[in-house]
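Undergrad: Take this structure first; my questions come after.
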Amino acid sequence: MQVPANVDYEKATSVQHALALLARFGPEAKVLAGGHSLIPMMKLRLAQPELLVDINGLTELCYITRKNGELRIGTLTRHAQLLESELASEHFAIMHDAERVIADPIVRNWGTVGGSLCQADPSEDLSAAFAAMKGTMVIHGPGGSREVSARAFHTGPYETVVGPSELLTEIRLPIRPGGGSGYLKVARRAGDWPVGAAGAAVWLSGAGGRHMIADVGIGLTAVGATHFVAAEAEEFLRGRPADEESLARAGEIAAEHVRPVTDQRGPADYKRHLVQELTTRVLRVAVARARGLAS
């Protein structure tokens with residue numbers, strides 16, 4: 001039986017209490033939210049914190065709301081809540097697309113949005129989705145709060161900009177007119193980590209049969225994309241017609257700039273091919289939704 005090493009446990013009663021505990025123990029403390037990643041790592045002795053700071057009682061961090069032209073998501077929001085949120089789906093269909101393919105109902109009922117992002121797994125679905133939507137992360141620490149772009153949040157595999165005495169508290173997504181989004185994933189079985197996945201958010205300008213891509217975000221996961229972003233494909237698309245030729249070329253460019261590795265989920269060449277296909281297809285979905293032609 002896999003048994004974690006001995007660890008102290010504290011249940012935080014407020015955000016400030018949690019921050020005080022984290023500041024006291026520094027790098028030897030870990031935040032316990034859903035625990036679906038941390039607990040297995042502790043059982044395997046890949047993580048051996050001295051203190052677990054349980055934040056599950058901080059209901060003030062569990063919400064999905066619209067404020068000041070942004071969709072705001074509390075870090076303790078469960079995956080199932082985000083999946084079922086009509087407000088989130090209304091403005092960002094990519095949220096529903098991504099959440100419905102994450103794990104299974106048991107995990108989604110307890111796993112948290114913030115926990116998934118802070119785990120910083122290179123195959124994380126939401127990291128690519130929030131990168132595509134150009135979200136902002138709100139981080140609280142001893143000196144107050146600061147905001148970090150979702151695209152700068154992850155510094156490497158299992159690493160983020162959140163310091164040992166800090167806590168991710170909120171994700172903010174700007175609500176802009178003329179937008180559409182989507183998320184597509186290929187996995188070996190339902191709910192598994194992706195072999196490859198792509199998310200896209202597009203904002204169109206123009207009318208009639210000639211829409212131009214005013215802005216675009218493309219997120220990729222499990223394929224070695226820097227900061228989960230297909231930056232070169234985005235740059236190519238801005239200002240171009242939202243037609244099949246442009247979208248197909250963007251898929252090719254995205255595939256040219258990823259660095260997939262061969263592993264148990266597939267060879268690198270196959271993953272690169274997936275990037276091209278998934279990027280093109282999810283851009284089609286996002287453009288169709290932006291035009292109001294798909295739900």
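Residues in the structure tokens are named by chain (A, B, ... in the order shown) and by number from 1 within that chain; ligands are numbered from 1 in the order shown.
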Between range 60-93 of chain A and range 160-173 of chain A, at 12 Å or less, what are the per-residue closest atom pairs and their distances in Å? Count only C-alpha atoms, order by chain and rising residue number, and return it as CSV.

TA:
residue,atom,partner,partner_atom,distance
A:Glu60,CA,A:Thr169,CA,9.5
A:Leu61,CA,A:Thr169,CA,6.5
A:Cys62,CA,A:Glu170,CA,9.2
A:Tyr63,CA,A:Glu170,CA,9.3
A:Ile64,CA,A:Ile171,CA,9.7
A:Thr65,CA,A:Arg172,CA,9.8
A:Arg66,CA,A:Arg172,CA,9.4
A:Lys67,CA,A:Arg172,CA,9.4
A:Asn68,CA,A:Arg172,CA,10.3
A:Gly69,CA,A:Leu173,CA,8.6
A:Glu70,CA,A:Leu173,CA,5.3
A:Leu71,CA,A:Leu173,CA,5.0
A:Arg72,CA,A:Arg172,CA,4.6
A:Ile73,CA,A:Ile171,CA,5.1
A:Gly74,CA,A:Glu170,CA,4.6
A:Thr75,CA,A:Thr169,CA,5.0
A:Leu76,CA,A:Thr169,CA,7.8
A:Thr77,CA,A:Glu170,CA,9.5
A:Ala88,CA,A:Leu173,CA,9.9
A:His91,CA,A:Leu173,CA,9.6
A:Phe92,CA,A:Leu173,CA,9.0

Undergrad: Could you give me, as JSON, numbers by chain, each residue of range 74-262 of chain A that DSSP assigns to helix (DSSP H, G or I) when run on this structure's backbone?

TA: {"A": [79, 80, 81, 82, 83, 84, 86, 87, 88, 89, 90, 91, 93, 94, 95, 96, 97, 98, 99, 105, 106, 107, 108, 109, 110, 113, 114, 115, 116, 117, 118, 119, 125, 126, 127, 128, 129, 130, 131, 132, 150, 151, 152, 153, 226, 227, 228, 231, 232, 233, 234, 235, 236, 237, 244, 245, 246, 247, 248, 249, 250, 251, 252, 253, 254, 255, 256]}

Undergrad: Excluding same-chain residues fewer than 5 positions from Arg259 in chain A, what lies within 8 Å of it counting only C-alpha atoms, as a VMD selection string?

TA: chain A and resid 223 to 225

Undergrad: Those residues you just picked out, can you put them in a file as a compact mmCIF listing (two decimals), in the first residue's frame with C-alpha atoms?

TA:
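part.txt was written with the following content:
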# COMPACT_ATOMS: atom_id res chain seq x y z
CA VAL A 223 2.57 18.79 -27.28
CA GLY A 224 5.42 20.96 -25.98
CA ALA A 225 3.98 24.38 -26.83

Undergrad: Interatomic distance between CA of Ala214 in chain A and CA of Ala152 in chain A?

TA: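 Separation of CA of Ala214 in chain A and CA of Ala152 in chain A: 22.5 Å.
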
Undergrad: Any idea what's packed within 9 Å of Gly111 in chain A, counting only C-alpha atoms, ignoring anything in its chain fewer than 2 positions away? Could you give it as JSON, numbers by chain?

TA: {"A": [33, 34, 35, 36, 76, 77, 78, 79, 80, 106, 107, 108, 109, 113, 114, 115, 116]}

Undergrad: Generate a file of the selected residues that holds N, CA, C and O atoms, formatted as a short mmCIF file (atom, residue, chain, number, x, y, z; two decimals), in the first residue's frame.

TA:
data_model
loop_
_atom_site.label_atom_id
_atom_site.label_comp_id
_atom_site.auth_asym_id
_atom_site.auth_seq_id
_atom_site.Cartn_x
_atom_site.Cartn_y
_atom_site.Cartn_z
N ALA A 33 -6.50 21.53 -2.05
CA ALA A 33 -7.81 21.91 -2.58
C ALA A 33 -8.55 20.62 -2.90
O ALA A 33 -9.06 19.95 -2.02
N GLY A 34 -8.60 20.25 -4.20
CA GLY A 34 -9.21 18.96 -4.54
C GLY A 34 -8.37 17.78 -4.11
O GLY A 34 -8.87 16.75 -3.67
N GLY A 35 -7.05 17.92 -4.26
CA GLY A 35 -6.13 16.88 -3.81
C GLY A 35 -5.92 15.74 -4.78
O GLY A 35 -5.18 14.80 -4.48
N HIS A 36 -6.54 15.80 -5.97
CA HIS A 36 -6.44 14.67 -6.89
C HIS A 36 -5.05 14.51 -7.49
O HIS A 36 -4.72 13.44 -7.99
N LEU A 76 -11.39 28.19 -6.06
CA LEU A 76 -11.91 26.97 -5.45
C LEU A 76 -13.16 26.45 -6.16
O LEU A 76 -13.80 25.50 -5.71
N THR A 77 -13.52 27.05 -7.27
CA THR A 77 -14.65 26.57 -8.07
C THR A 77 -14.36 25.16 -8.56
O THR A 77 -13.28 24.87 -9.07
N ARG A 78 -15.32 24.26 -8.38
CA ARG A 78 -15.13 22.87 -8.81
C ARG A 78 -15.33 22.77 -10.32
O ARG A 78 -16.06 23.55 -10.93
N HIS A 79 -14.67 21.78 -10.90
CA HIS A 79 -14.82 21.56 -12.33
C HIS A 79 -16.29 21.39 -12.72
O HIS A 79 -16.74 21.91 -13.74
N ALA A 80 -17.04 20.66 -11.91
CA ALA A 80 -18.45 20.42 -12.23
C ALA A 80 -19.25 21.71 -12.24
O ALA A 80 -20.16 21.89 -13.05
N ILE A 106 -16.59 11.99 -10.79
CA ILE A 106 -16.08 12.00 -9.42
C ILE A 106 -15.00 13.04 -9.26
O ILE A 106 -15.00 13.84 -8.30
N VAL A 107 -14.07 13.07 -10.18
CA VAL A 107 -12.98 14.05 -10.12
C VAL A 107 -13.53 15.46 -10.32
O VAL A 107 -13.15 16.40 -9.62
N ARG A 108 -14.44 15.63 -11.29
CA ARG A 108 -14.97 16.97 -11.56
C ARG A 108 -15.78 17.51 -10.39
O ARG A 108 -15.86 18.73 -10.20
N ASN A 109 -16.39 16.65 -9.61
CA ASN A 109 -17.20 17.11 -8.48
C ASN A 109 -16.35 17.65 -7.33
O ASN A 109 -16.85 18.39 -6.49
N VAL A 113 -10.66 24.31 -10.13
CA VAL A 113 -10.05 25.01 -11.26
C VAL A 113 -8.66 25.50 -10.88
O VAL A 113 -7.68 25.30 -11.61
N GLY A 114 -8.55 26.15 -9.72
CA GLY A 114 -7.26 26.67 -9.29
C GLY A 114 -6.23 25.58 -9.04
O GLY A 114 -5.05 25.74 -9.37
N GLY A 115 -6.67 24.47 -8.48
CA GLY A 115 -5.75 23.37 -8.23
C GLY A 115 -5.18 22.81 -9.51
O GLY A 115 -3.98 22.50 -9.60
N SER A 116 -6.02 22.69 -10.55
CA SER A 116 -5.54 22.20 -11.83
C SER A 116 -4.50 23.13 -12.43
O SER A 116 -3.47 22.69 -12.95
#

Undergrad: What does the distance from CA of Ala132 in chain A to CA of Ala200 in chain A come to in Å, to one decimal?

TA: 5.5 Å

Undergrad: Residues near range 272-280 of chain A, anyone? I mean within 9 Å using only C-alpha atoms, not counting same-chain ones fewer than 6 positions away, as a list in words.

TA: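 Once the adjacent positions are removed, what remains is Tyr183, Leu184, Lys185, Val186, Val195, Gly196, Ala197, Ala198, Gly199, Ala200, Ile218, Gly219, Leu220, Val223, Glu244, Leu247, Ala248, Arg249, Ala250, Gly251, Glu252, Ile253, Ala254, Ala255, Glu256, Val258, Arg259 and Pro260 of chain A.
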
Undergrad: Mind pulling up the distance from CA of Gly217 in chain A to CA of Gly135 in chain A?

TA: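 Taking CA of Gly135 in chain A and CA of Gly217 in chain A, their separation equals 10.3 Å.
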
Undergrad: If you run DSSP over the backbone, which residues in range 147-195 of chain A end up strand (DSSP E)? Put them as a PyMOL selection string.

TA: chain A and resi 147-149+154-156+159-160+167-174+179-187+194-195
